[in-house]
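Beneath this line is the structure, given in structure tokens, with notes to follow.
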Amino acid sequence: MTVTGPDIPFDEPHYLSSNPDVAAAVARGDYSSGRQHYEQFGRKEGRGATAVRSASIEQLLASPSTDTVFIEFTSRCNLRCVYCAVSQPTYRGIDLPLEGFENFVEQMKARDVKLVNLNGHGESTILKGWEAYADRLADAGFRIHITTNLAKRLRTEEVAAFSRFERILVSIDTVDAELLARLRRGANLETILGNIRTILEFASQRGRRPEVAVSVTVGDLSAPSVEELALVLMGIGVRTFRFGDLVEYAPIASTLRMRHVSSLPSEQCGPIRVVILRALDKIASGGGRAEVDASLRSWLDGATESSVSSAERQIQIGDKVVWADSIADGWTRDCLDPWALAFVQADASVRPCCFFEETLGSLAEHSLVEIVEGEAFRELRRELLTGELRSSCRNCQARAAIHRSSLAAKVASRGAIARQ
């Protein structure tokens with residue numbers, strides 16, 4: 001056994017036996033060894049450097065702790081974004097019952113949760129008294145994050161609560177005020193920018209340093225202005241950006257419709273790619289960082305039919321269409337969420353992430369520990385490890401494809417099994 005880097009084992013026999021194309025190339029003399037291929041190509045392609053014994057798969061299904069809990073205080077929202085599920089005519093928002101909030105705080109402590117993220121389809125700040133719950137989480141010692149539209153005028157108590165967050169992810173797709181108002185119906189650009197400035201100023205005066213990040217939904221209408229958006233927001237202190245791929249729902253009558261960037265005529269795709277890539281360069285050169293959804297990154301990289309087929313990138317799931325990298329035999333999703341996360345919906349149901357379509361338990365019936373260590377979560381972990389994915393995972397636009405052995409190694413390194 002050789003070593004490819006610090007604490008990264010490489011198993012030559014396993015690599016050649018699990019990658020017959022590489023074994024054939026080594027036999028032809030194209031590479032001196034499997035390790036040479038791995039260093040040049042295999043690591044980037046997500047091929048596993050070592051094997052996890054099949055006898056240990058049951059241990060890999062375990063999750064002794066939960067890193068992050070997402071809580072959807074409400075699925076109601078004060079905006080009506082034209083591309084969002086909340087704007088669909090059949091959507092009905094509800095509030096999370098919070099009578100047992102103190103008990104849930106103790107459950108999270110018992111699960112060794114480090115981070116609590118207030119996030120969901122709705123806007124947390126429209127729930128009466130939301131700031132008191134945020135303060136309670138901070139007082140309990142959790143790191144706290146929030147996803148918010150910052151579209152309402154904030155009271156002093158709310159600004160103070162915001163200043164205690166480690167990260168504030170603000171949803172804003174463009175700094176074209178007129179387009180923003182049409183895309184995110186009810187949003188006012190100056191209100192959002194003013195709230196960011198107020199929070200940062202209040203926090204600075206008290207020696208606090210919350211990270212204000214921005215979440216951008218990229219579609220055919222918002223994409224042309226992403227470079228301007230990056231420059232304006234960096235000018236007021238934003239250094240972190242998340243560029244999310246658009247999920248399309250049925251068009252809403254009498255509103256603007258945003259489409260996926262791949263729907264643009266071919267002669268427009270090239271220039272739009274250039275704009276987005278230039279925005280990413282501006283962010284990096286300005287000392288910032290950017291996260292890009294896997295499927296959007298594939299489009300930016302000019303994915304060809306051989307790597308991402310149109311048929312598999314455009315998939316109808318219920319009332320929405322997603323774009324996702326295809327999954328080849330032997331591969332799976334690069335996803336540790338069912339081991340590391342728990343997403344509490346406003347109806348008290350628990351899921352592994354916000355994209356997942358199914359409920360894996362309810363806090364109205366079971367504790368957090370019982371749910372995340374229960375059979376439904378374990379079965380989802382098994383599917384990811386074997387590559388036998390259900391539709392929610394196979395068609396996920398947020399996680400890239402990865403070789404199964406690489407995912408198993410990640411699970412093992414997370415501490416799910418004892419090291420040999």
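Identifiers in the structure tokens: chain A, B, ... in order shown; residue index from 1 per chain; ligand index from 1 in order shown.
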
Helix (DSSP H, G or I) per DSSP on the backbone: members of range 163-392 of chain A, as a PyMOL selection string: chain A and resi 177-183+189-205+223-234+261-263+266-285+294-300+310-313+337-340+368-372+375-386+391-392

Env of Val159 in chain A: 12 Å cut, atoms = only C-alpha atoms, seq-sep filter 3 positions within chain, self excluded. Answer as a compact mmCIF listing (two decimals) with N, CA, C and O atoms, in the first residue's frame.
# COMPACT_ATOMS: atom_id res chain seq x y z
N THR A 125 -38.20 35.25 9.45
CA THR A 125 -38.39 36.51 10.18
C THR A 125 -39.83 37.00 10.19
O THR A 125 -40.12 38.01 10.85
N TRP A 130 -39.55 35.42 16.35
CA TRP A 130 -38.48 34.58 15.82
C TRP A 130 -37.14 34.90 16.46
O TRP A 130 -36.31 34.00 16.69
N GLU A 131 -36.93 36.20 16.75
CA GLU A 131 -35.62 36.61 17.28
C GLU A 131 -35.35 36.03 18.66
O GLU A 131 -34.20 35.76 19.01
N ALA A 132 -36.41 35.80 19.45
CA ALA A 132 -36.23 35.22 20.78
C ALA A 132 -35.76 33.77 20.67
O ALA A 132 -34.92 33.31 21.46
N ALA A 134 -34.05 32.58 18.11
CA ALA A 134 -32.67 32.66 17.63
C ALA A 134 -31.72 32.96 18.79
O ALA A 134 -30.65 32.35 18.91
N ASP A 135 -32.11 33.87 19.67
CA ASP A 135 -31.29 34.19 20.84
C ASP A 135 -31.13 32.96 21.73
O ASP A 135 -30.05 32.72 22.29
N LEU A 150 -34.39 39.25 3.76
CA LEU A 150 -34.17 40.61 4.29
C LEU A 150 -35.06 41.63 3.60
O LEU A 150 -34.67 42.80 3.45
N LYS A 152 -38.04 42.75 4.62
CA LYS A 152 -38.87 43.55 5.51
C LYS A 152 -38.00 44.51 6.30
O LYS A 152 -36.80 44.29 6.49
N ARG A 153 -38.59 45.59 6.77
CA ARG A 153 -37.86 46.53 7.61
C ARG A 153 -37.69 45.91 8.99
O ARG A 153 -38.65 45.44 9.60
N LEU A 154 -36.48 45.90 9.48
CA LEU A 154 -36.16 45.19 10.72
C LEU A 154 -36.27 46.09 11.93
O LEU A 154 -35.86 47.25 11.91
N ARG A 155 -36.82 45.51 13.00
CA ARG A 155 -36.83 46.18 14.30
C ARG A 155 -35.44 46.05 14.94
O ARG A 155 -34.66 45.17 14.58
N THR A 156 -35.16 46.91 15.90
CA THR A 156 -33.86 46.89 16.56
C THR A 156 -33.57 45.52 17.17
O THR A 156 -32.45 45.01 17.09
N PHE A 162 -29.86 39.24 14.48
CA PHE A 162 -29.07 38.96 13.28
C PHE A 162 -27.57 39.08 13.56
O PHE A 162 -26.75 38.33 13.01
N SER A 163 -27.19 40.02 14.41
CA SER A 163 -25.77 40.23 14.67
C SER A 163 -25.13 39.06 15.39
O SER A 163 -23.89 38.96 15.44
N ARG A 164 -25.93 38.15 15.95
CA ARG A 164 -25.40 37.00 16.68
C ARG A 164 -25.19 35.79 15.76
O ARG A 164 -24.61 34.80 16.18
N PHE A 165 -25.67 35.87 14.53
CA PHE A 165 -25.52 34.75 13.61
C PHE A 165 -24.09 34.68 13.09
O PHE A 165 -23.45 35.70 12.84
N ILE A 168 -25.25 34.77 7.60
CA ILE A 168 -26.55 35.23 7.13
C ILE A 168 -26.56 35.11 5.61
O ILE A 168 -25.84 35.84 4.93
N GLY A 194 -30.06 48.02 2.47
CA GLY A 194 -30.04 48.80 3.71
C GLY A 194 -29.98 47.90 4.93
O GLY A 194 -29.26 48.20 5.91
N ASN A 195 -30.71 46.79 4.90
CA ASN A 195 -30.67 45.85 6.03
C ASN A 195 -29.29 45.24 6.20
O ASN A 195 -28.81 45.05 7.33
N ILE A 196 -28.64 44.90 5.08
CA ILE A 196 -27.28 44.34 5.17
C ILE A 196 -26.35 45.34 5.83
O ILE A 196 -25.58 45.00 6.75
N ARG A 197 -26.41 46.59 5.40
CA ARG A 197 -25.54 47.61 5.98
C ARG A 197 -25.82 47.80 7.47
O ARG A 197 -24.90 47.91 8.29
N THR A 198 -27.10 47.84 7.83
CA THR A 198 -27.49 48.07 9.24
C THR A 198 -27.00 46.93 10.13
O THR A 198 -26.46 47.17 11.22
N ILE A 199 -27.17 45.69 9.67
CA ILE A 199 -26.75 44.54 10.46
C ILE A 199 -25.23 44.56 10.66
O ILE A 199 -24.73 44.35 11.78
N LEU A 200 -24.50 44.80 9.58
CA LEU A 200 -23.04 44.81 9.68
C LEU A 200 -22.54 45.93 10.58
O LEU A 200 -21.59 45.76 11.36
N GLU A 201 -23.18 47.09 10.50
CA GLU A 201 -22.77 48.22 11.35
C GLU A 201 -23.07 47.91 12.82
O GLU A 201 -22.23 48.16 13.69
N PHE A 202 -24.26 47.40 13.10
CA PHE A 202 -24.64 47.06 14.47
C PHE A 202 -23.68 46.02 15.04
O PHE A 202 -23.22 46.14 16.18
N ALA A 203 -23.38 44.99 14.25
CA ALA A 203 -22.50 43.93 14.70
C ALA A 203 -21.10 44.45 14.96
O ALA A 203 -20.46 44.12 15.97
N PRO A 210 -20.57 38.72 11.85
CA PRO A 210 -21.34 37.75 11.07
C PRO A 210 -20.94 37.80 9.60
O PRO A 210 -20.64 38.87 9.05

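Here the DSSP assignment of strand (DSSP E or B), based on backbone atoms, applies within range 167-218 of chain A to Arg167, Ile168, Leu169, Val170, Ser171, Arg184, Arg185, Glu211, Val212, Ala213, Val214, Ser215, Val216, Thr217 and Val218 of chain A.
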
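Here CA of Gly186 in chain A stands at a distance of 10.5 Å from CA of Asn149 in chain A.
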
So that each row is one residue of range 135-198 of chain A with an atom at most 12 Å from range 85-94 of chain A, can you give its shortest atom pair and the distance in Å to one decimal, using only C-alpha atoms, rows by chain and rising number, as JSON lines?
{"residue": "A:Leu183", "atom": "CA", "partner": "A:Ser87", "partner_atom": "CA", "distance": 11.3}
{"residue": "A:Arg184", "atom": "CA", "partner": "A:Ser87", "partner_atom": "CA", "distance": 10.2}
{"residue": "A:Arg185", "atom": "CA", "partner": "A:Ser87", "partner_atom": "CA", "distance": 9.7}

Can I get the selected residues back with all heavy atoms, as a PDB file, in the first residue's frame?
ATOM      1  N   LEU A 183     -39.152  39.607 -10.363  1.00  0.00           N
ATOM      2  CA  LEU A 183     -38.813  38.213 -10.099  1.00  0.00           C
ATOM      3  C   LEU A 183     -39.209  37.790  -8.689  1.00  0.00           C
ATOM      4  O   LEU A 183     -39.801  36.730  -8.485  1.00  0.00           O
ATOM      5  CB  LEU A 183     -37.305  37.992 -10.277  1.00  0.00           C
ATOM      6  CG  LEU A 183     -36.747  37.948 -11.690  1.00  0.00           C
ATOM      7  CD1 LEU A 183     -35.224  37.810 -11.641  1.00  0.00           C
ATOM      8  CD2 LEU A 183     -37.351  36.791 -12.477  1.00  0.00           C
ATOM      9  N   ARG A 184     -38.849  38.632  -7.716  1.00  0.00           N
ATOM     10  CA  ARG A 184     -39.119  38.321  -6.312  1.00  0.00           C
ATOM     11  C   ARG A 184     -40.207  39.275  -5.843  1.00  0.00           C
ATOM     12  O   ARG A 184     -39.932  40.253  -5.137  1.00  0.00           O
ATOM     13  CB  ARG A 184     -37.842  38.450  -5.483  1.00  0.00           C
ATOM     14  CG  ARG A 184     -36.749  37.526  -5.969  1.00  0.00           C
ATOM     15  CD  ARG A 184     -35.448  37.679  -5.197  1.00  0.00           C
ATOM     16  NE  ARG A 184     -35.575  37.298  -3.809  1.00  0.00           N
ATOM     17  CZ  ARG A 184     -35.530  36.031  -3.372  1.00  0.00           C
ATOM     18  NH1 ARG A 184     -35.367  35.044  -4.229  1.00  0.00           N
ATOM     19  NH2 ARG A 184     -35.644  35.750  -2.105  1.00  0.00           N
ATOM     20  N   ARG A 185     -41.411  38.989  -6.259  1.00  0.00           N
ATOM     21  CA  ARG A 185     -42.523  39.920  -6.057  1.00  0.00           C
ATOM     22  C   ARG A 185     -42.669  40.304  -4.592  1.00  0.00           C
ATOM     23  O   ARG A 185     -42.832  39.460  -3.715  1.00  0.00           O
ATOM     24  CB  ARG A 185     -43.815  39.296  -6.582  1.00  0.00           C
ATOM     25  CG  ARG A 185     -43.817  39.109  -8.095  1.00  0.00           C
ATOM     26  CD  ARG A 185     -45.056  38.391  -8.564  1.00  0.00           C
ATOM     27  NE  ARG A 185     -45.101  37.018  -8.097  1.00  0.00           N
ATOM     28  CZ  ARG A 185     -46.168  36.236  -8.174  1.00  0.00           C
ATOM     29  NH1 ARG A 185     -47.303  36.705  -8.672  1.00  0.00           N
ATOM     30  NH2 ARG A 185     -46.124  34.980  -7.751  1.00  0.00           N
TER      31      ARG A 185
END

So, counting only C-alpha atoms, which residue among A:Val369, A:Ala348, A:Ala412, A:Cys335 is closest to Cys396 in chain A? A:Cys335

Residues at most 6 Å from Ala324 in chain A, counting only C-alpha atoms, excluding those fewer than 6 positions away in the same chain, as a ChimeraX atom specification? /A:295,313,395-397

With all heavy atoms retained, export the selected residues as a PDB file, in the first residue's frame.
ATOM      1  N   SER A 295     -24.977  20.806 -10.913  1.00  0.00           N
ATOM      2  CA  SER A 295     -25.529  20.774 -12.268  1.00  0.00           C
ATOM      3  C   SER A 295     -25.261  22.083 -13.014  1.00  0.00           C
ATOM      4  O   SER A 295     -25.007  22.079 -14.223  1.00  0.00           O
ATOM      5  CB  SER A 295     -27.027  20.494 -12.229  1.00  0.00           C
ATOM      6  OG  SER A 295     -27.680  21.364 -11.326  1.00  0.00           O
ATOM      7  N   ARG A 313     -30.749  15.354 -17.659  1.00  0.00           N
ATOM      8  CA  ARG A 313     -30.603  16.652 -17.018  1.00  0.00           C
ATOM      9  C   ARG A 313     -31.954  17.334 -16.859  1.00  0.00           C
ATOM     10  O   ARG A 313     -32.104  18.203 -16.028  1.00  0.00           O
ATOM     11  CB  ARG A 313     -29.665  17.553 -17.819  1.00  0.00           C
ATOM     12  CG  ARG A 313     -28.208  17.133 -17.717  1.00  0.00           C
ATOM     13  CD  ARG A 313     -27.282  18.130 -18.371  1.00  0.00           C
ATOM     14  NE  ARG A 313     -27.314  19.393 -17.677  1.00  0.00           N
ATOM     15  CZ  ARG A 313     -27.682  20.541 -18.236  1.00  0.00           C
ATOM     16  NH1 ARG A 313     -28.083  20.574 -19.477  1.00  0.00           N
ATOM     17  NH2 ARG A 313     -27.659  21.645 -17.538  1.00  0.00           N
ATOM     18  N   ASN A 395     -31.864  12.351  -9.129  1.00  0.00           N
ATOM     19  CA  ASN A 395     -32.125  13.572  -9.890  1.00  0.00           C
ATOM     20  C   ASN A 395     -31.748  14.843  -9.126  1.00  0.00           C
ATOM     21  O   ASN A 395     -32.227  15.922  -9.444  1.00  0.00           O
ATOM     22  CB  ASN A 395     -33.603  13.629 -10.273  1.00  0.00           C
ATOM     23  CG  ASN A 395     -34.036  12.404 -11.036  1.00  0.00           C
ATOM     24  OD1 ASN A 395     -33.276  11.849 -11.818  1.00  0.00           O
ATOM     25  ND2 ASN A 395     -35.260  11.946 -10.802  1.00  0.00           N
ATOM     26  N   CYS A 396     -30.887  14.716  -8.132  1.00  0.00           N
ATOM     27  CA  CYS A 396     -30.497  15.869  -7.318  1.00  0.00           C
ATOM     28  C   CYS A 396     -29.568  16.793  -8.093  1.00  0.00           C
ATOM     29  O   CYS A 396     -28.570  16.348  -8.667  1.00  0.00           O
ATOM     30  CB  CYS A 396     -29.799  15.383  -6.044  1.00  0.00           C
ATOM     31  SG  CYS A 396     -29.166  16.718  -5.006  1.00  0.00           S
ATOM     32  N   GLN A 397     -29.893  18.080  -8.091  1.00  0.00           N
ATOM     33  CA  GLN A 397     -29.074  19.049  -8.799  1.00  0.00           C
ATOM     34  C   GLN A 397     -27.993  19.668  -7.920  1.00  0.00           C
ATOM     35  O   GLN A 397     -27.150  20.415  -8.394  1.00  0.00           O
ATOM     36  CB  GLN A 397     -29.940  20.170  -9.392  1.00  0.00           C
ATOM     37  CG  GLN A 397     -30.447  21.207  -8.387  1.00  0.00           C
ATOM     38  CD  GLN A 397     -31.746  20.808  -7.730  1.00  0.00           C
ATOM     39  OE1 GLN A 397     -32.052  19.626  -7.571  1.00  0.00           O
ATOM     40  NE2 GLN A 397     -32.522  21.789  -7.332  1.00  0.00           N
TER      41      GLN A 397
END

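Proximity ranking of A:Arg278, A:Arg351, A:Arg167, A:Arg80 relative to Glu123 in chain A places A:Arg80 first, based on only C-alpha atoms.
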
Using only C-alpha atoms, pick whichever of A:Tyr133, A:Arg414, A:Gly120, A:Cys354 has the shortest atom-to-atom distance to Glu99 in chain A. A:Tyr133

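Each of A:Asp95, A:Glu12, A:Glu102, A:Asp245 was checked against Met258 in chain A using only C-alpha atoms; the smallest atom-to-atom distance is that of A:Asp245.
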